[in-house]
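Q: Can you read through this structure? Questions will come right after.
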Amino acid sequence: YIVTLQKRYTNMKALTKYMTIAFVLIASVVLGQQTPAPAQTEVYTIIGATAHIGDGTVIDNSVLIIEDGKISVCADATTTKIGQRGTVINAKGKHVYPGFIATNTTLGLVEVGAVRPSNDDDEIGSMIPHVRSIIAYNAESKVVESMRPNGVLMAQIRPLGGRISGTSSVVQLDAWNWEDAAVKTDDGIYINWPSSMTRGRWWLGEEPGFKPNKNYAKDIAELKTFIKNSKAYSKGGADVNLPFHAMKGVFNGSQRLFISANDERQIRDIIAFKNEMNIQHVVLVGGYQADKVATELKANNIPVILQRVQDLPAMDDHDYDLPYKLPKLLADAGVLVALGYDGEYWQVRNLPFYAGQVTQFGISDADALKLITQNPAKILGLDTTAGTLTVGKDATLFISEGNALDMRGNQISRAFIQGRDISLETHQTKLWKRYAKKVEIKK
């Protein structure tokens, strides 16, 4: 009897512990979220700002009008007379940009990396294209709201793990829930291409360092078999097979196939795979050695989402600045390239500064801006509604005190998502204001 009571007491302690953790996590998320802005009801006119269109064009003295969630006017105020309407925002001396678009992220799928119950970026299984990342997206995440003060207003969220990880979706970062946040659901399917090399496992007595993967051809064959079976199913299968059914969009061209790979052999095999499987839209993700295959990528119309550029070279014999100059090498070859984040989440707020970094390695500010605005919009199939300050597109944009690709100038005073005047207040800005009052800084 005493043993039974002890077991019950132990179980109750464990249950109380887990309930406490869950309550803290839920409370912290709820209390940190700013109320999403309501739909636009009044017209906004932004005057005097330097407008960075996102396609390489810069207007030094612009007038921009937002109405019904769209950009209705974007012109040079010096040469064009446009009547001011609604609420006038005087942005003289400031800069206006299209909202930055983050790709290849787990934003909203992870809250605290060290707390497993708050991680929902990986599911069990190898070939699971039917797993939808959008369902797990937490629009009320504290991490999500921390993106907006740096100008990151849209993101593509993707699952991790397995050979075929699941489907990605594109969201805007001011919403109550995933349904409100969704801009484009199930835009693509993510594949982790088999590794052509393996690292020696010393704990099994293997030699250290890299060596060819003996199972590389076998792993590719398994992937091809799955793709072929999915294609056969898409032509009219009677039984319901969720993984095969989820691949239909890849074959009819309505979805992109995002394939993560880095070395030259992998990339060449992906190009051959695209042609053999007759897949219309393939996007290379990572692409560390993509410069060696740039001509072939251009010829096969394969865009690249690069990994983080503020990184060290992968090999000792690589140029020290290869990650920094890779965007220029690909752009010069005519490859459509965007900056991504290796499936990261909280660091995504630094995206504009990654773009600013590459300006020191041969790319102009205007072309660097394309890497996080126009180019990702094209890659994601959103270029008709997002990516540039163009009449008719969604009014997803922000006003910055200075150069938004520079930490010193990226001071955002106003931001709009689809014409909604959104809050820039976050848990971090609250802490900043709180502790700024704690100690008076004296000159």
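Ordering of the structure tokens sets the chain letters (A, B, ...); residue numbers start at 1 within each chain; ligands are numbered from 1 in the order shown.
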Step one, run DSSP on the backbone; step two, keep only residues of segment 256-410 of chain A assigned to alpha helix (DSSP H); then write them as an NGL selection string.
A: :A and (264-277 or 294-299 or 322-332 or 351-358 or 365-370 or 374-379)
Q: Would you mind listing, for every residue of segment 280-396 of chain A within 7 Å of segment 42-54 of chain A, the two atoms forming the shortest contact and the distance between them in Å to one decimal, using only C-alpha atoms, sorted by chain and ascending residue number, as JSON lines?
A:
{"residue": "A:Leu369", "atom": "CA", "partner": "A:Gly54", "partner_atom": "CA", "distance": 6.2}
{"residue": "A:Lys370", "atom": "CA", "partner": "A:Gly54", "partner_atom": "CA", "distance": 5.6}
{"residue": "A:Thr373", "atom": "CA", "partner": "A:Gly54", "partner_atom": "CA", "distance": 6.1}
{"residue": "A:Gln374", "atom": "CA", "partner": "A:Gly54", "partner_atom": "CA", "distance": 5.8}
{"residue": "A:Gly387", "atom": "CA", "partner": "A:Gly54", "partner_atom": "CA", "distance": 6.6}
{"residue": "A:Thr388", "atom": "CA", "partner": "A:Gly54", "partner_atom": "CA", "distance": 4.7}
{"residue": "A:Leu389", "atom": "CA", "partner": "A:Ile53", "partner_atom": "CA", "distance": 4.8}
Q: Just to be explicit: take each residue in the selection above, keep N, CA, C and O atoms, and write the result as a PDB file, in the first residue's frame.
A:
ATOM      1  N   LEU A 369      19.525  44.091 -52.283  1.00  0.00           N
ATOM      2  CA  LEU A 369      18.128  44.171 -51.847  1.00  0.00           C
ATOM      3  C   LEU A 369      17.266  43.152 -52.587  1.00  0.00           C
ATOM      4  O   LEU A 369      16.343  42.571 -52.008  1.00  0.00           O
ATOM      5  N   LYS A 370      17.568  42.917 -53.858  1.00  0.00           N
ATOM      6  CA  LYS A 370      16.810  41.927 -54.634  1.00  0.00           C
ATOM      7  C   LYS A 370      16.873  40.540 -53.999  1.00  0.00           C
ATOM      8  O   LYS A 370      15.933  39.751 -54.121  1.00  0.00           O
ATOM      9  N   THR A 373      14.002  40.437 -51.544  1.00  0.00           N
ATOM     10  CA  THR A 373      12.699  41.017 -51.918  1.00  0.00           C
ATOM     11  C   THR A 373      12.199  40.423 -53.235  1.00  0.00           C
ATOM     12  O   THR A 373      11.430  39.463 -53.234  1.00  0.00           O
ATOM     13  N   GLN A 374      12.641  40.976 -54.352  1.00  0.00           N
ATOM     14  CA  GLN A 374      12.135  40.543 -55.648  1.00  0.00           C
ATOM     15  C   GLN A 374      12.477  39.085 -55.962  1.00  0.00           C
ATOM     16  O   GLN A 374      11.612  38.324 -56.423  1.00  0.00           O
ATOM     17  N   GLY A 387       7.195  41.594 -53.217  1.00  0.00           N
ATOM     18  CA  GLY A 387       8.597  41.661 -53.610  1.00  0.00           C
ATOM     19  C   GLY A 387       9.088  43.012 -54.075  1.00  0.00           C
ATOM     20  O   GLY A 387      10.275  43.301 -53.976  1.00  0.00           O
ATOM     21  N   THR A 388       8.204  43.869 -54.575  1.00  0.00           N
ATOM     22  CA  THR A 388       8.606  45.205 -55.040  1.00  0.00           C
ATOM     23  C   THR A 388       7.516  46.221 -54.715  1.00  0.00           C
ATOM     24  O   THR A 388       6.359  45.857 -54.481  1.00  0.00           O
ATOM     25  N   LEU A 389       7.917  47.494 -54.721  1.00  0.00           N
ATOM     26  CA  LEU A 389       6.954  48.583 -54.532  1.00  0.00           C
ATOM     27  C   LEU A 389       6.369  48.937 -55.888  1.00  0.00           C
ATOM     28  O   LEU A 389       6.787  49.886 -56.549  1.00  0.00           O
TER      29      LEU A 389
END
Q: Just give me the gap between atom CA of Val170 of chain A and atom CA of Gln289 of chain A in Å, one decimal is fine.
A: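 Atom CA of Gln289 of chain A lies at a distance of 26.8 Å from atom CA of Val170 of chain A.
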Q: For Asp394 of chain A, find every residue with an atom within 10 Å (counting only C-alpha atoms), except residues of its own chain fewer than 2 positions away, and show them as a PyMOL selection string.
A: chain A and resi 66-72+98+384-392+396-397+416-419
Q: What's around Arg414 of chain A at 10 Å? Count only C-alpha atoms, leave out sequence neighbours fewer than 6 positions away in its own chain, and write the answer as a PyMOL selection string.
A: chain A and resi 89+91+96+149+151+397-401+421-424
Q: With C-alpha atoms retained, write the just-selected residues as a PDB file, in the first residue's frame.
A:
ATOM      1  CA  ILE A  89       3.103  60.415 -43.569  1.00  0.00           C
ATOM      2  CA  ALA A  91       9.029  60.559 -44.592  1.00  0.00           C
ATOM      3  CA  VAL A  96      10.819  53.072 -47.791  1.00  0.00           C
ATOM      4  CA  PRO A 149      11.184  45.600 -36.271  1.00  0.00           C
ATOM      5  CA  GLY A 151      11.697  44.660 -41.773  1.00  0.00           C
ATOM      6  CA  LEU A 397       6.382  47.648 -46.840  1.00  0.00           C
ATOM      7  CA  PHE A 398       8.129  49.678 -44.161  1.00  0.00           C
ATOM      8  CA  ILE A 399       9.754  53.037 -43.495  1.00  0.00           C
ATOM      9  CA  SER A 400      13.313  53.072 -42.161  1.00  0.00           C
ATOM     10  CA  GLU A 401      15.341  55.940 -40.748  1.00  0.00           C
ATOM     11  CA  ASP A 421      -0.570  49.547 -40.069  1.00  0.00           C
ATOM     12  CA  ILE A 422       1.103  46.955 -37.847  1.00  0.00           C
ATOM     13  CA  SER A 423       2.644  47.207 -34.384  1.00  0.00           C
ATOM     14  CA  LEU A 424       6.431  47.137 -34.046  1.00  0.00           C
TER      15      LEU A 424
END
Q: Near Glu296 of chain A, counting only C-alpha atoms, which residues have an atom at most 10 Å away, once you skip same-chain residues fewer than 5 positions from it, shown as a list in words?
A: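 Counting only the stated atoms, we get Ile267, Arg268, Ile271, Ala290, Asp291, Asn301, Ile302, Ala333 and Val335 of chain A.
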Q: Quick one: distance from atom CA of Pro129 of chain A to atom CA of Arg158 of chain A in Å, one decimal?
A: 11.2 Å
Q: Would you kindly return, as a VMD selection string, each protein, DNA or RNA residue with an atom no farther than 12 Å from any atom of Met154 of chain A, considering only C-alpha atoms and excluding same-chain residues fewer than 4 positions away?
A: chain A and resid 98 to 105 107 to 108 139 144 to 145 147 to 148 150 169 to 175 181 to 184 348 to 349 351 372 to 373 376 to 377 380 382 386 to 387 394 396 to 397 416 to 418
Q: List as a count of residues only the protein and nucleic acid residues near Thr359 of chain A, meaning an atom at most 10 Å away when only C-alpha atoms are counted, but skip any in the same chain fewer than 3 places from it.
A: 17
Q: Just the number, please: distance in Å from atom CA of Tyr320 of chain A to atom CA of Ala338 of chain A, one decimal.
A: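 Computing it gives 21.0 Å between the two atoms.
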